[in-house]
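Worksheet for the structure shown next.
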Amino acid sequence: MNRQAKGRTPRRPRKKPSNTQKDPVGVYCRVRPLGTEDQECCIEVISSSTIQLHAPEGFKVNRNGEYKETQYSFKKVFGVSVSQKDLFEYVAKPLVDDLINGKNGLLFTYGVTGSGKTFTMTGSPGQGGLLPRSLDMIFNSISPLLAKRYVFKSDERNGMEVQNEVDALLERQRRDNAQSTAKVPSSRQKMDPEIADMIKMEEAYKTEGVDEDSAYSVFVSYIEIYNNYIYDLLEDASEDLIKPKWNAGGTPVRQNTDFIPPQSRLLREDVNHNMYVAGCMEIEVKSAEEAFQVFWKGQKKRKVANTRLNRESSRSHSVFVIKLAQAPLDADGDTIMQDKSQVIVSQLCLVDLAGSERTMRTGAEGTRIREAGNINQSLLTLRTCIEVLRENQLCGTNKMVPYRDSKVTHLFKNYFDGEGKVKMIVCVNPKADDYEETLLVMRFAEMTQEVEVARPMDRPMCGFTPGRRNRNVAFKEELSRRLEERGGPIDCQRDISSVLGAMSTLPPLPSCVLSDPHDDLTLPRLIEALQNRQRLRQNMVDQFNQAAGIMKSMLQDYDNKHSSKENYIHEQNGKLLEKDQIIERSRTEIERLEKKTKTLEHKIDILQKTTRVYEDDKRSLQHELETREQRLLREQSDKRRMEQRMQGAVSDTQHKWEKECVRRVNAMQLEMQNKLWVKDEKLKQLKAIVSESKTPGRPEPPPRQTPSKRPSREETRGQPAKRSASPSPLPTAAPVRPLHRRSRSAGGEKWVDHKPSSNLDLGTVLQPVLPNAIQVSAPTEKALAKCDRYVLTHQEVASDGEIQTKLIKGEVMKTRGGGQAVQFTDIETLKQELPSASSRKRKSSEGAVSNQKQSDGSWTDVETRCSVAVEMRAGSNMGPGYEHHGITKRRKP
């Protein structure tokens with residue numbers, strides 16, 4: 001089987017506007033009275049169409065220091081003294097007239113929270129708003145023309161079907177049997193005392209020119225748009241009794257089932273491209289009281305909350321839809337036409353928009369912040385749609401209007417496209433605290449007035465002769481009158497049934513056709529049949545006379561009883577007069593108590609709503625508290641685990657560093673011992689050089705010293721351990737003699753002349769002259785890096801009391817570590833003697849001992865001064881650094 005190629009879905013042609021004539025959106029303004037007289041007012045009504053806004057004290061001023069004043073114009077301005085009746089006559093009454101004439105209408109209230117939108121739409125006890133007055137006007141106009149219940153039936157696709165009277169009767173019986181207690185409110189039910197006096201009979205309105213040749217039926221529905229979701233407020237099941245299918249499809253079971261929200265509804269488009277709420281309950285009503293009772297049932301389910309600005313602040317947009325279905329009668333004016341194409345459905349939408357608000361003013365938290373955000377976002381989308389419509393009409397552009405960004409604008413898309421009249425009532429609060437938000441509302445209202453909506457066309461006529469219903473009624477009345485003249489006050493159906501019953505009791509007549517003049521059979525049979533009928537008639541007359549006699553006797557008895565009862569009734573009437581007076585007094589008391597009860601019930605309802613709001617807030621706060629406690633417990637357990645882990649890491653690190661410190665201390669001790677051994681070797685070499693320099697003759701240059709072998713453990717076992725305060729030198733730190741040096745005869749050697757500041761100037765003729773010498777009082781690595789030779793001038797007191805000067809010479813060498821080292825090679829001694837001093841001769845033994853002591857002392861001093869080698873280390877903080885390769889030699893005891 002070959003599958004056909006999938007073609008592209010054809011583009012649905014857009015509905016053309018029905019009329020080229022356009023009307024601007026009607027925008028009205030209503031000013032709410034101030035709460036207290038001492039409040040500052042920022043709005044002034046200048047005329048019937050203009051208001052002026054005054055900036056409150058402390059607000060922004062102009063450059064010249066004066067307060068800014070702005071004027072805004074409307075189609076009509078209603079001041080604080082305007083009643084609900086006057087507002088209805090001017091704004092809502094024309095929309096009700098259009099509804100009955102088959103045209104749609106949209107009326108919504110707009111403004112800041114607490115500006116009186118709900119009061120304008122719904123009203124209060126004793127002061128009905130636009131909604132109850134509209135319902136009252138509708139039923140006052142079409143009440144005699146209403147069809148029986150369930151004759152009109154919704155097709156679940158925003159259309160209406162017409163059933164015949166038999167199907168409607170079966171439908172009524174089926175629903176009455178299915179519902180033991182009727183859930184649909186009836187007009188015979190008792191009205192809620194809180195709303196009983198919102199509709200007053202003395203203020204009844206009626207539309208002129210109603211088509212009497214049509215049958216009407218009214219359907220109402222009530223929805224709310226909460227957090228951009230649509231909910232049906234007329235659902236029979238309460239929110240607490242809804243059992244969600246949490247286990248269906250393997251979904252997990254919900255733990256918290258105390259409050260489960262109802263199922264949200266979806267928007268659909270019907271065959272005429274009009275938007276409607278799919279699955280929304282539409283209830284057929286037969287009176288204004290019944291319709292308002294249905295509205296009040298849904299009003300109690302609407303989302304409200306207590307905020308800082310309003311005790312009962314609406315948290316959702318409510319839409320009350322009045323749908324009027326009408327169909328013409330047939331040519332006889334007796335029954336409704338069954339043709340669906342002849343049914344005309346018109347609707348009036350009354351919208352109470354939630355007020356825009358700022359979080360900083362309302363003090364909202366948690367769920368209230370989310371609600372306020374969704375409310376402001378939907379109102380912003382409405383403003384954006386109005387701006388785009390205005391720009392398209394003024395500039396001739398064709399920009400797409402973002403209706404789908406919000407459920408509110410998407411639902412009322414048809415009205416702005418030309419499916420009915422649109423009117424808006426801007427409610428404002430004149431107090432100074434709302435000045436900024438009121439300014440934004442005024443700008444939006446001023447922009448909305450510039451938008452034009454196509455005018456809807458009148459409905460087509462069905463083509464039948466008008467006045468059919470009246471002619472049918474007149475015919476039935478005339479037939480009844482004539483029947484009364486003939487046989488008494490009986491109706492047509494009773495007369496026909498009695499005549500047919502009498503005819504059925506008489507025997508039928510035989511054939512009366514005479515085919516032959518000599519026929520002797522037909523006439524005798526006819527005579528016999530007539531005689532039988534005469535006997536039966538006589539029997540019936542006798543029975544009638546007998547029944548009449550019985551009836552006369554019964555009537556006489558009844559007259560006697562009636563006369564006696566009249567006397568008894570006369571006596572009872574006197575007692576009833578007394579009872580009537582008591583009842584009148586009781587009725588007055590009951591009315592007073594009913595008013596008091598109504599007031600108390602209103603207060604109780606408000607308190608119940610407030611309690612419900614507080615319970616919801618308490619539930620959300622408890623949930624948040626439990627969540628935070630669980631989070632705190634988790635954080636505490638994580639903190640304890642982290643502390644244990646850190647303690648283990650600290651103990652491990654401490655143990656590791658203790659081992660590392662022990663290892664470094666041992667390494668440092670070994671290194672210092674090695675350095676101490678190197679210094680001892682150097683001191684021995686220096687002693688050898690000094691001792692050789694004291695021998696007669698020219699001293700030969702000392703040969704290069706090779707590092708002697710380190711004594712073995714056996715050799716050092718009997719010797720005392722030497723102290724070491726520095727680590728052992730690295731192999732690369734030993735001084736290295738450069739391979740090539742400049743010739744000394746060339747005169748290119750540079751000296752470091754180290755003369756301590758404590759030296760004395762002897763004033764002798766022979767003074768050491770060092771060319772290219774750098775004189776320093778303390779050797780530095782900088783000076784050593786620039787020179788090749790080093791000389792130290794050392795003075796000490798000789799045994800004869802004279803000052804002896806020694807010049808200790810050495811060579812500067814570079815080390816493998818990048819530093820400088822000095823290797824001493826020669827000592828010159830300069831001694832000054834006085835001629836008057838007598839020479840003392842000593843024994844050779846004493847002189848040797850003294851010389852040895854002197855040399856020991858001098859060597860010890862020289863060793864103290866010169867046993868420090870300077871080495872520069874790469875990468876140190878100072879650049880070249882100091883490192884001691886020897887320590888002061890301890891004297892033997």
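The way I read the labels, and the way they are meant: chains A, B, ... in the order of the structure tokens, residue 1 as the first residue of every chain, and ligand 1 as the first ligand shown, with later ones counted on from there.
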
inquiry  = Let's see if you can do this: from backbone DSSP, list all alpha helix (DSSP H) residues in segment 74-142 of chain A, as a VMD selection string.
reply    = chain A and resid 84 to 87 93 to 100 117 to 121 130 to 142

Gln393 of chain A surroundings by only C-alpha atoms, 12 Å radius, close-in-sequence under 4 positions cut, as a short mmCIF file (atom, residue, chain, number, x, y, z; two decimals) with all heavy atoms, in the first residue's frame:
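Output (out09.cif):
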```
data_model
loop_
_atom_site.label_atom_id
_atom_site.label_comp_id
_atom_site.auth_asym_id
_atom_site.auth_seq_id
_atom_site.Cartn_x
_atom_site.Cartn_y
_atom_site.Cartn_z
N LYS A 22 -15.11 52.35 12.71
CA LYS A 22 -14.42 52.04 13.96
C LYS A 22 -14.79 53.06 15.03
O LYS A 22 -15.10 54.23 14.72
CB LYS A 22 -12.89 52.05 13.77
CG LYS A 22 -12.39 50.93 12.87
CD LYS A 22 -10.87 50.93 12.81
CE LYS A 22 -10.37 49.77 11.95
NZ LYS A 22 -8.87 49.73 11.90
N PRO A 24 -13.48 54.46 18.99
CA PRO A 24 -12.39 54.40 19.96
C PRO A 24 -12.81 53.64 21.23
O PRO A 24 -14.00 53.52 21.53
CB PRO A 24 -12.09 55.87 20.27
CG PRO A 24 -13.37 56.57 19.95
CD PRO A 24 -14.02 55.82 18.82
N ILE A 386 -1.70 47.21 23.73
CA ILE A 386 -2.35 48.49 23.40
C ILE A 386 -1.38 49.40 22.65
O ILE A 386 -1.76 50.08 21.68
CB ILE A 386 -2.87 49.16 24.69
CG1 ILE A 386 -3.97 48.30 25.34
CG2 ILE A 386 -3.40 50.55 24.40
CD1 ILE A 386 -5.21 48.14 24.51
N GLU A 387 -0.12 49.41 23.06
CA GLU A 387 0.87 50.26 22.38
C GLU A 387 1.07 49.82 20.94
O GLU A 387 1.14 50.65 20.02
CB GLU A 387 2.20 50.21 23.14
CG GLU A 387 2.18 50.93 24.47
CD GLU A 387 3.51 50.81 25.20
OE1 GLU A 387 4.37 50.04 24.71
OE2 GLU A 387 3.69 51.48 26.23
N VAL A 388 1.15 48.50 20.70
CA VAL A 388 1.36 48.02 19.33
C VAL A 388 0.13 48.31 18.48
O VAL A 388 0.25 48.72 17.30
CB VAL A 388 1.68 46.52 19.36
CG1 VAL A 388 1.80 45.97 17.95
CG2 VAL A 388 2.98 46.26 20.11
N LEU A 389 -1.08 48.12 19.04
CA LEU A 389 -2.30 48.45 18.29
C LEU A 389 -2.34 49.92 17.93
O LEU A 389 -2.68 50.30 16.79
CB LEU A 389 -3.53 48.07 19.12
CG LEU A 389 -3.91 46.59 19.19
CD1 LEU A 389 -5.02 46.39 20.20
CD2 LEU A 389 -4.34 46.09 17.82
N THR A 397 1.68 50.67 10.34
CA THR A 397 2.54 49.49 10.38
C THR A 397 1.69 48.23 10.56
O THR A 397 0.49 48.31 10.80
CB THR A 397 3.56 49.61 11.51
OG1 THR A 397 2.86 49.77 12.76
CG2 THR A 397 4.46 50.80 11.29
N ASN A 398 2.35 47.10 10.45
CA ASN A 398 1.65 45.81 10.59
C ASN A 398 2.42 44.91 11.56
O ASN A 398 2.70 43.75 11.26
CB ASN A 398 1.50 45.14 9.23
CG ASN A 398 0.52 43.98 9.27
OD1 ASN A 398 -0.29 43.88 10.19
ND2 ASN A 398 0.61 43.10 8.29
N LYS A 399 2.76 45.44 12.70
CA LYS A 399 3.49 44.67 13.69
C LYS A 399 2.56 43.63 14.35
O LYS A 399 1.36 43.87 14.48
CB LYS A 399 4.08 45.58 14.78
CG LYS A 399 5.20 46.48 14.28
CD LYS A 399 5.79 47.27 15.43
CE LYS A 399 6.94 48.14 14.96
NZ LYS A 399 7.52 48.92 16.09
N VAL A 401 0.82 41.83 17.22
CA VAL A 401 0.41 42.18 18.59
C VAL A 401 0.66 40.96 19.48
O VAL A 401 0.16 39.87 19.20
CB VAL A 401 -1.06 42.61 18.64
CG1 VAL A 401 -1.43 43.05 20.04
CG2 VAL A 401 -1.33 43.70 17.63
N GLU A 450 -6.68 56.22 22.32
CA GLU A 450 -6.33 56.44 20.92
C GLU A 450 -6.48 55.18 20.08
O GLU A 450 -6.27 55.22 18.87
CB GLU A 450 -4.90 56.96 20.83
CG GLU A 450 -4.69 58.26 21.58
CD GLU A 450 -3.24 58.73 21.50
OE1 GLU A 450 -2.45 58.05 20.83
OE2 GLU A 450 -2.92 59.77 22.10
N VAL A 451 -6.79 54.03 20.71
CA VAL A 451 -6.98 52.78 19.97
C VAL A 451 -8.42 52.69 19.51
O VAL A 451 -9.35 52.93 20.30
CB VAL A 451 -6.60 51.57 20.85
CG1 VAL A 451 -6.87 50.26 20.11
CG2 VAL A 451 -5.15 51.65 21.27
N GLU A 452 -8.62 52.32 18.27
CA GLU A 452 -9.96 52.20 17.70
C GLU A 452 -10.27 50.73 17.43
O GLU A 452 -9.40 49.96 17.01
CB GLU A 452 -10.08 52.99 16.40
CG GLU A 452 -9.95 54.51 16.61
CD GLU A 452 -10.11 55.27 15.31
OE1 GLU A 452 -10.10 54.62 14.24
OE2 GLU A 452 -10.24 56.50 15.37
N VAL A 453 -11.52 50.35 17.68
CA VAL A 453 -11.99 48.99 17.49
C VAL A 453 -13.11 49.01 16.46
O VAL A 453 -13.99 49.90 16.48
CB VAL A 453 -12.49 48.38 18.83
CG1 VAL A 453 -12.99 46.96 18.61
CG2 VAL A 453 -11.37 48.38 19.85
N ALA A 454 -13.11 48.02 15.57
CA ALA A 454 -14.14 47.96 14.51
C ALA A 454 -15.52 47.80 15.12
O ALA A 454 -15.72 47.06 16.08
CB ALA A 454 -13.83 46.82 13.55
#
```

Quick one: residues within 6 Å of Ser318 of chain A, only C-alpha atoms, excluding same-chain residues fewer than 3 positions away - as a PyMOL selection string? chain A and resi 223-224+351-352

Please produce a file of those selected residues containing C-alpha atoms, as a CSV table (one decimal), in the first residue's frame.
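Contents of the output file result.csv:
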```csv
chain,number,residue,atom,x,y,z
A,223,ILE,CA,-13.2,32.1,35.8
A,224,GLU,CA,-10.1,33.6,37.3
A,351,VAL,CA,-13.5,41.7,34.0
A,352,ASP,CA,-12.1,42.8,37.4
```

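Considering only C-alpha atoms, the residue among A:Gly126, A:Pro132, A:Pro456, A:Pro768 positioned nearest to Leu830 of chain A is A:Pro768.
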